[in-house]
Amino acid sequence: MTSSGKRRYSKYIRPINIAFDVLVLTLLFPYFFWELGINQFYFGVYQLATWFIIAYIFGFYEVYRFTSLTEIIVKIVRQGIVFLLVVIAFFPFSKQAIFSGQAIAKYLVTAFIIIILFKFVLFYYLKRYRVVTGSNYRKAVIIGYTPDALRLKELFEQKGEYGYRFLGFFSDRKHNDEVKGKIAEVEAFAIDNNVDEIYCSLNEITNYQIKRLVEFADINDKVVKFIPDTKEIFTKNLRVDYYEFFPVLSLRKTPLHEPVAKVAKRLFDIAFSLFVIIFVLTWLTPILALIIKLESPGPVFFKQGRPGINEKEFFCYKFRSMKLNKTTEESVIKNDPRVTRIGRFMRKTSIDEMPQFLNVLIGEMSVVGPRPHLWSQNNLYSKRIKKYLIRLYVKPGITGLAQVKGYRGEISTDEDMINRIKYDVFYIENWSLLLDLKIIVQTVVNIFQGEEKAY
């Protein structure tokens with residue numbers, strides 16, 4: 001629930017859009033192509049893969065509350081033209097397929113009519129929903145009291161369908177009823193009033209204040225945008241959004257915020273976890289279960305609540321590597337007496353983590369991502385280390401960049417955790433499927449080489 005008690009549905013819009021498009025494309029092509037002799041499985045995989053690649057390149061799903069109708073139409077036209085070409089390109093490589101321009105035309109026209117109607121109905125409904133109910137809005141403040149800042153405030157108030165509620169200005173130069181306080185006070189105000197977006201007039205904010213504000217936004221999950229002028233910003237990549245004709249600079253979100261990237265990573269997780277479960281866990285589990293039971297009494301599996309994405313708790317599964325004890329919230333140390341003999345082997349080779357592929361399959365974890373910490377560690381270090389909470393913006397992983405770089409196991413100093421966080425944040429901000437594959441390969445290499453802190 002939002003601070004106002006009204007539920008925000010924005011996070012569901014893109015997944016619904018993507019799921020609907022997949023459903024339309026998957027259900028329609030067998031109807032139009034069944035007489036053309038194509039392999040329906042291969043074509044189905046091919047068309048969905050190319051659809052998402054094109055969508056990623058052209059930003060097909062990057063539609064925001066301020067996106068104009070013209071921009072949406074341009075995105076649809078680009079997607080349609082390029083997708084038409086890739087569908088046609090499939091036929092020369094399929095020896096048994098019969099090319100039919102008429103069937104392709106009927107298929108794509110039907111599919112895009114349905115997709116377009118759905119998008120515009122959804123787009124129109126959401127705008128009307130915001131205006132009529134006052135729900136699903138974002139709270140915004142502006143740093144600076146300049147002519148451009150005043151224009152942006154007027155835009156928020158005139159364009160109710162954008163779904164913004166303006167709460168006030170912050171300025172070190174102006175003092176009136178609209179100015180809520182000094183720039184230094186904006187952080188406390190943003191937290192107390194659950195502000196979603198902070199807009200900055202670059203004429204009134206210093207480089208130091210920008211750096212501090214960006215760090216504050218990262219830690220507290222706020223969005224920072226800039227009203228541009230001649231000042232240069234090198235902190236992160238920026239993109240220009242237009243609220244009608246008003247330009248606003250936005251800090252680019254991480255790759256894992258992109259809907260196509262999320263789908264690609266999830267499909268990879270499902271495929272990889274299924275492979276491990278079917279070809280490894282089916283025979284490994286009975287063997288380890290017998291050895292674990294013979295060495296010490298207790299269950300074969302150990303489950304423990306851990307903070308997941310957005311600090312939502314999930315149960316992390318492992319093969320039990322310890323004797324039954326009441327100190328499971330304490331991290332393992334070298335020569336820990338709680339660890340069994342088979343447990344030492346499993347922890348050294350990371351075999352104890354294998355049941356977490358079940359967590360991956362059901363969507364609670366990812367194959368690669370920041371490792372899920374104990375709740376005791378999470379509660380302690382979230383208050384002591386900058387950017388700690390950024391690692392909770394994505395699903396936790398079975399392995400991660402910090403782990404393959406040697407930062408795993410016992411945490412004896414704050415520096416150990418700081419180094420983990422640095423690598424976790426780097427991974428989140430620079431994610432790619434290739435990076436995931438590199439981390440997986442390095443994890444396997446480390447298992448065979450042995451790791452000093454794996455105990």
# chains A, B, ... in the order shown; residues from 1 in each chain; ligands from 1
$ select_by_dssp --residues "segment 329-449 of chain A" --states "alpha helix (DSSP H)" --output "VMD selection string"
chain A and resid 341 to 349 356 to 361 375 to 381 401 to 404 414 to 429 433 to 449
$ residues_around --residues "Glu154 of chain A" --least-positions-apart "3" --cutoff "12 Å" --atoms "only C-alpha atoms" --output "ChimeraX atom specification"
/A:142,147-151,157-160,164-166,168,243,246
$ closest_residue --among "A:Leu69, A:Ile439, A:Val87, A:Leu274" --to "Ile116 of chain A" --atoms "only C-alpha atoms"
A:Leu69
$ atom_distance --atom1 "atom CA of Ala140 of chain A" --atom2 "atom CA of Arg173 of chain A"
19.9 Å
$ closest_residue --among "A:Gln449, A:Asn335, A:Ser273, A:Asn310" --to "Ile398 of chain A" --atoms "only C-alpha atoms"
A:Ser273
$ decode --residues "segment 354-370 of chain A" --atoms "all heavy atoms" --output "compact mmCIF listing (two decimals), in the first residue's frame"
# COMPACT_ATOMS: atom_id res chain seq x y z
N MET A 354 22.59 -26.47 -3.66
CA MET A 354 21.88 -26.97 -4.84
C MET A 354 20.35 -26.93 -4.74
O MET A 354 19.68 -26.63 -5.73
CB MET A 354 22.34 -28.40 -5.14
CG MET A 354 23.80 -28.52 -5.53
SD MET A 354 24.15 -27.82 -7.15
CE MET A 354 23.56 -29.13 -8.20
N PRO A 355 19.75 -27.23 -3.57
CA PRO A 355 18.28 -27.15 -3.49
C PRO A 355 17.72 -25.76 -3.80
O PRO A 355 16.52 -25.63 -4.04
CB PRO A 355 17.98 -27.56 -2.05
CG PRO A 355 19.13 -28.43 -1.66
CD PRO A 355 20.32 -27.81 -2.33
N GLN A 356 18.56 -24.75 -3.79
CA GLN A 356 18.08 -23.40 -4.09
C GLN A 356 17.64 -23.25 -5.54
O GLN A 356 17.00 -22.26 -5.91
CB GLN A 356 19.14 -22.37 -3.73
CG GLN A 356 19.30 -22.18 -2.23
CD GLN A 356 20.57 -21.46 -1.84
OE1 GLN A 356 21.04 -20.58 -2.56
NE2 GLN A 356 21.13 -21.84 -0.70
N PHE A 357 17.98 -24.24 -6.39
CA PHE A 357 17.45 -24.20 -7.75
C PHE A 357 15.93 -24.36 -7.74
O PHE A 357 15.26 -23.95 -8.70
CB PHE A 357 18.12 -25.28 -8.62
CG PHE A 357 19.51 -24.89 -9.06
CD1 PHE A 357 20.62 -25.42 -8.44
CD2 PHE A 357 19.69 -23.95 -10.06
CE1 PHE A 357 21.90 -25.06 -8.84
CE2 PHE A 357 20.97 -23.57 -10.46
CZ PHE A 357 22.08 -24.12 -9.85
N LEU A 358 15.39 -24.95 -6.67
CA LEU A 358 13.93 -24.97 -6.50
C LEU A 358 13.41 -23.56 -6.22
O LEU A 358 12.35 -23.18 -6.73
CB LEU A 358 13.55 -25.92 -5.36
CG LEU A 358 13.87 -27.40 -5.58
CD1 LEU A 358 13.67 -28.18 -4.29
CD2 LEU A 358 12.99 -27.97 -6.69
N ASN A 359 14.16 -22.80 -5.41
CA ASN A 359 13.80 -21.39 -5.18
C ASN A 359 13.83 -20.61 -6.48
O ASN A 359 12.99 -19.72 -6.71
CB ASN A 359 14.77 -20.75 -4.18
CG ASN A 359 14.63 -21.28 -2.77
OD1 ASN A 359 15.53 -21.93 -2.26
ND2 ASN A 359 13.51 -21.02 -2.13
N VAL A 360 14.81 -20.92 -7.33
CA VAL A 360 14.92 -20.23 -8.63
C VAL A 360 13.73 -20.57 -9.51
O VAL A 360 13.12 -19.69 -10.12
CB VAL A 360 16.24 -20.62 -9.34
CG1 VAL A 360 16.28 -20.03 -10.75
CG2 VAL A 360 17.44 -20.13 -8.54
N LEU A 361 13.38 -21.85 -9.56
CA LEU A 361 12.30 -22.28 -10.44
C LEU A 361 10.97 -21.62 -10.08
O LEU A 361 10.20 -21.24 -10.97
CB LEU A 361 12.16 -23.80 -10.38
CG LEU A 361 11.15 -24.43 -11.35
CD1 LEU A 361 11.54 -24.15 -12.79
CD2 LEU A 361 11.03 -25.93 -11.11
N ILE A 362 10.71 -21.46 -8.79
CA ILE A 362 9.43 -20.85 -8.38
C ILE A 362 9.50 -19.32 -8.34
O ILE A 362 8.51 -18.68 -8.02
CB ILE A 362 8.95 -21.40 -7.03
CG1 ILE A 362 9.94 -21.06 -5.91
CG2 ILE A 362 8.72 -22.89 -7.11
CD1 ILE A 362 9.51 -21.57 -4.54
N GLY A 363 10.66 -18.76 -8.67
CA GLY A 363 10.75 -17.31 -8.84
C GLY A 363 11.18 -16.52 -7.63
O GLY A 363 11.13 -15.29 -7.65
N GLU A 364 11.62 -17.18 -6.56
CA GLU A 364 12.05 -16.46 -5.36
C GLU A 364 13.51 -16.02 -5.44
O GLU A 364 13.91 -15.07 -4.78
CB GLU A 364 11.87 -17.35 -4.13
CG GLU A 364 10.42 -17.66 -3.82
CD GLU A 364 10.28 -18.70 -2.72
OE1 GLU A 364 11.19 -19.53 -2.56
OE2 GLU A 364 9.24 -18.68 -2.02
N MET A 365 14.29 -16.74 -6.24
CA MET A 365 15.71 -16.43 -6.42
C MET A 365 16.06 -16.45 -7.90
O MET A 365 15.24 -16.82 -8.74
CB MET A 365 16.59 -17.45 -5.66
CG MET A 365 16.47 -17.40 -4.16
SD MET A 365 17.55 -18.63 -3.34
CE MET A 365 19.20 -17.99 -3.73
N SER A 366 17.28 -16.04 -8.19
CA SER A 366 17.82 -16.12 -9.54
C SER A 366 19.09 -16.97 -9.48
O SER A 366 19.66 -17.17 -8.40
CB SER A 366 18.15 -14.71 -10.05
OG SER A 366 18.59 -14.76 -11.39
N VAL A 367 19.53 -17.50 -10.61
CA VAL A 367 20.77 -18.27 -10.62
C VAL A 367 21.93 -17.37 -10.19
O VAL A 367 22.77 -17.74 -9.37
CB VAL A 367 21.04 -18.88 -12.00
CG1 VAL A 367 22.40 -19.60 -12.01
CG2 VAL A 367 19.94 -19.86 -12.39
N VAL A 368 21.96 -16.16 -10.73
CA VAL A 368 23.02 -15.20 -10.40
C VAL A 368 22.39 -13.94 -9.82
O VAL A 368 21.39 -13.43 -10.34
CB VAL A 368 23.86 -14.83 -11.64
CG1 VAL A 368 24.98 -13.86 -11.26
CG2 VAL A 368 24.43 -16.08 -12.30
N GLY A 369 22.96 -13.45 -8.74
CA GLY A 369 22.48 -12.23 -8.10
C GLY A 369 23.18 -12.06 -6.76
O GLY A 369 24.00 -12.91 -6.38
N PRO A 370 22.88 -11.02 -6.04
CA PRO A 370 23.47 -10.86 -4.70
C PRO A 370 23.03 -12.00 -3.79
O PRO A 370 21.86 -12.36 -3.77
CB PRO A 370 22.90 -9.52 -4.22
CG PRO A 370 22.44 -8.82 -5.46
CD PRO A 370 22.01 -9.89 -6.40
